[in-house]
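Input: a single structure, listed below in structure tokens.
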Amino acid sequence: MGRAERSIENIEKTYVVVGRESVGKSQLIASLTGKSASSSNFRGTTVSVDKYTCGNTTFLDTPGIMRDSDSITVRMTLRQLKENGFVILVVQATNMDEDLEELGPLAESKLGIIIVTFRDKVDGIPNAEAAFEKLGARAGVPVIPVNARNLSAADKSAIDGALLSPGRFARLSENERTGLEVPPERGVFEIPVMGQVLSLFLLFLPALLAVQNANRVADSFYGSLASALAPLLSIVNALPGPLGAVLGGDYGLLAMSPFLFLYAVPTVIIFSVILAIYKSSGLIDRLTVSLHPLLLPFGISGRDLVRVIMGFGCNVPAVINSRSCSSCSRGACISAISFGSACSYQLPATLAVFSAAGMAYLTPWYLVLLAATTLIYLRITVPREARLKTNRLKLTGRVFLQWPQPKDIWRESWYVIKQFFVMALPIFFLICIAAALMQWSGLLGFLSEALAPVMSLFHLP
């Protein structure tokens with residue numbers, strides 16, 4: 001190691017953590033630092049990245065990328081790599097050569113280390129240790145194999161030491177491979193038709209469970225909340241002009257917001273926890289691979305469908321997550337979210353209308369209608385070029401299934417819940433204000449009378 005490399009030990013460093021999707025980057029950095037991430041935006045953009053600070057070292061946990069993809073997150077990760085000289089390259093022990101071929105050129109000439117995850121999956125393979133040593137010699141940087149889900153004290157010590165004295169990445173020859181590869185076993189999701197039907201069922205299950213159970217919880221508290229709000233609403237309704245309407249009335253902030261919390265928040269929490277279990281177990285990746293061939297004729301990939309399903313919990317984090325979609329499919333993905341995802345308040349409200357009309361049996365048909373009309377809409381609006389079989393949308397391969405850990409479930413679900421409170425609730429408040437002003441001005445009454453003949457078809461006022 002030269003004098004320049006030795007001199008970096010005591011300076012503040014920002015490591016850009018780079019790896020493909022499902023490689024275990026977030027688990028690794030969270031376990032290594034023992035701290036929660038803060039949200040930080042890429043400079044000049046609204047694309048967020050998880051930021052961990054530990055002592056004089058900062059870790060930027062970038063979204064999982066595929067180098068040849070043209071998504072927003074890939075472009076921003078490449079910019080971040082250009083602006084920072086320190087890199088942690090995270091690769092899977094089970095798929096090491098492919099990961100290095102994909103991402104190795106990004107780290108070339110930078111200072112850093114390689115962390116190999118899924119070490120437990122190659123235990124007992126005779127050439128595993130030799131492969132790690134071979135990689136270190138090729139890359140010119142420290143190589144630390146770990147199990148990111150259960151990072152030991154020895155692993156942390158080895159990583160901390162390597163981060164203090166990183167090496168400089170050499171050019172990795174594409175012809176020189178470690179030969180270490182352990183593909184995940186095929187399962188039920190790879191069975192034609194059966195696997196795709198099961199995948200669709202499991203993807204829609206979180207939405208069904210969230211709405212059903214959240215509504216049951218909310219209904220049990222509705223009467224108590226309405227009684228508690230009655231005295232306060234009688235006061236604000238007496239206020240003059242639009243102020244009383246904005247705060248009270250039928251749609252004002254105090255009249256609607258508490259009930260929005262009551263019905264929407266449990267839905268978001270239940271939905272986000274179930275989806276977090278899917279993600280942290282690797283199940284979500286298996287589902288997307290299974291459904292990928294069915295979705296290509298509509299211009300979206302299996303990965304895009306996950307964002308659409310997220311919209312049933314909350315449209316805001318679903319649209320934010322679409323930034324990792326390919327540019328050729330992101331527009332279709334956002335359209336599908338907007339057109340076909342009934343958000344955490346819309347879906348319970350729709351079901352309440354069915355119940356009030358005595359037509360609760362319409363609920364499953366409503367979901368089928370959402371799915372069918374969304375696919376028809378995509379088929380009509382997505383350009384033909386995006387629907388061709390030659391348009392190969394990027395997709396991560398089959399991953400290992402593993403039992404989810406509570407800390408991983410918490411980290412994944414908290415992100416969605418936080419986005420709901422930070423970004424979605426302000427929109428709900430604006431809707432309440434707009435509806436209250438429409439009622440105060442008489443516009444809402446006029447529109448209601450105009451729509452009365454249509455609503456009467458469903459036995460609704």
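Letters A, B, ... mark the chains of the structure tokens in the order given; residue numbers begin at 1 per chain; ligand numbers begin at 1, in order shown.
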Practice item. Would you kindly return, as a ChimeraX atom specification, each protein, DNA or RNA residue with an atom no farther than 10 Å from any atom of stretch 98-105 of chain A, considering only C-alpha atoms and excluding same-chain residues fewer than 2 positions away? Key: /A:18-20,23,65-68,89-96,107-109,114,135,139,169-175,177,181
Check your understanding: Which one is closest to A:Ile337: A:Leu200, A:Ala318, A:Ile235, A:Ala228? Count only C-alpha atoms.
Key ->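 The closest residue to A:Ile337 is A:Ala318.
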Point to revise | Two-atom distance - atom CA of A:Phe312, atom CA of A:Gly282 (Å) | key: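 Going from atom CA of A:Phe312 over to atom CA of A:Gly282, I get 20.4 Å.
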Practice item. Report the distance between atom CA of A:Ile88 and atom CA of A:Gly302 in Å, rounded to one decimal place. Key: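 Result for atom CA of A:Ile88 versus atom CA of A:Gly302: 28.3 Å, one decimal.
Atom CA of A:Leu291 is positioned 20.7 Å from atom CA of A:Pro383.
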Practice item. Using DSSP on the backbone coordinates, identify all residues within stretch 69-197 of chain A classified as helix (DSSP H, G or I); present the result as a ChimeraX atom specification. Key: /A:72-83,96-107,119-122,128-139,148-150,153-164,188-190,194-197
**Study point:** Nearest to A:Tyr366, chosen from A:Ala154, A:Leu351, A:Val116, A:Val16, with only C-alpha atoms counted in the distances
**Key:** A:Leu351
Point to revise | Polymer residues at most 12 Å from A:Ile409, only C-alpha atoms, same-chain spacing of 3 or more positions, as an MDAnalysis selection string | key: chainID A and resid 26:27 269:282 403:406 412:416
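Remark: for A:Leu378, the closest of the candidate residues A:Ile334, A:His292, A:Val454, A:Val353 is A:Ile334 (distances computed over only C-alpha atoms).
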Point to revise | 9 Å contact set for A:Arg149, only C-alpha atoms, chain neighbours under 4 positions out, as a ChimeraX atom specification | key: /A:24,27-28,31,117-118,405,408
Review point. Nearest to A:Val246: which of A:Gln196, A:Asn127, A:Ser441, A:Ser165 is it, counting only C-alpha atoms?
Key: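 Among the listed residues, A:Ser441 lies closest to A:Val246.
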Check your understanding: Residues of stretch 116-292 of chain A in strand (DSSP E) according to DSSP, as number ranges by chain?
Key -> A: 116-117, 143-145, 167-168
Practice item. Identify which of the residues A:Arg379, A:Gln346, A:Ile417, A:Asn215 lies closest to A:Leu296, counting only C-alpha atoms when measuring atom-to-atom distances. Key: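 Under the stated criterion, the closest residue is A:Arg379.
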Exercise for review: Give me the residues within 10 Å of A:Glu133 as a ChimeraX atom specification, counting only C-alpha atoms and dropping any in the same chain fewer than 6 places off.
Suggested key: /A:142-144,178
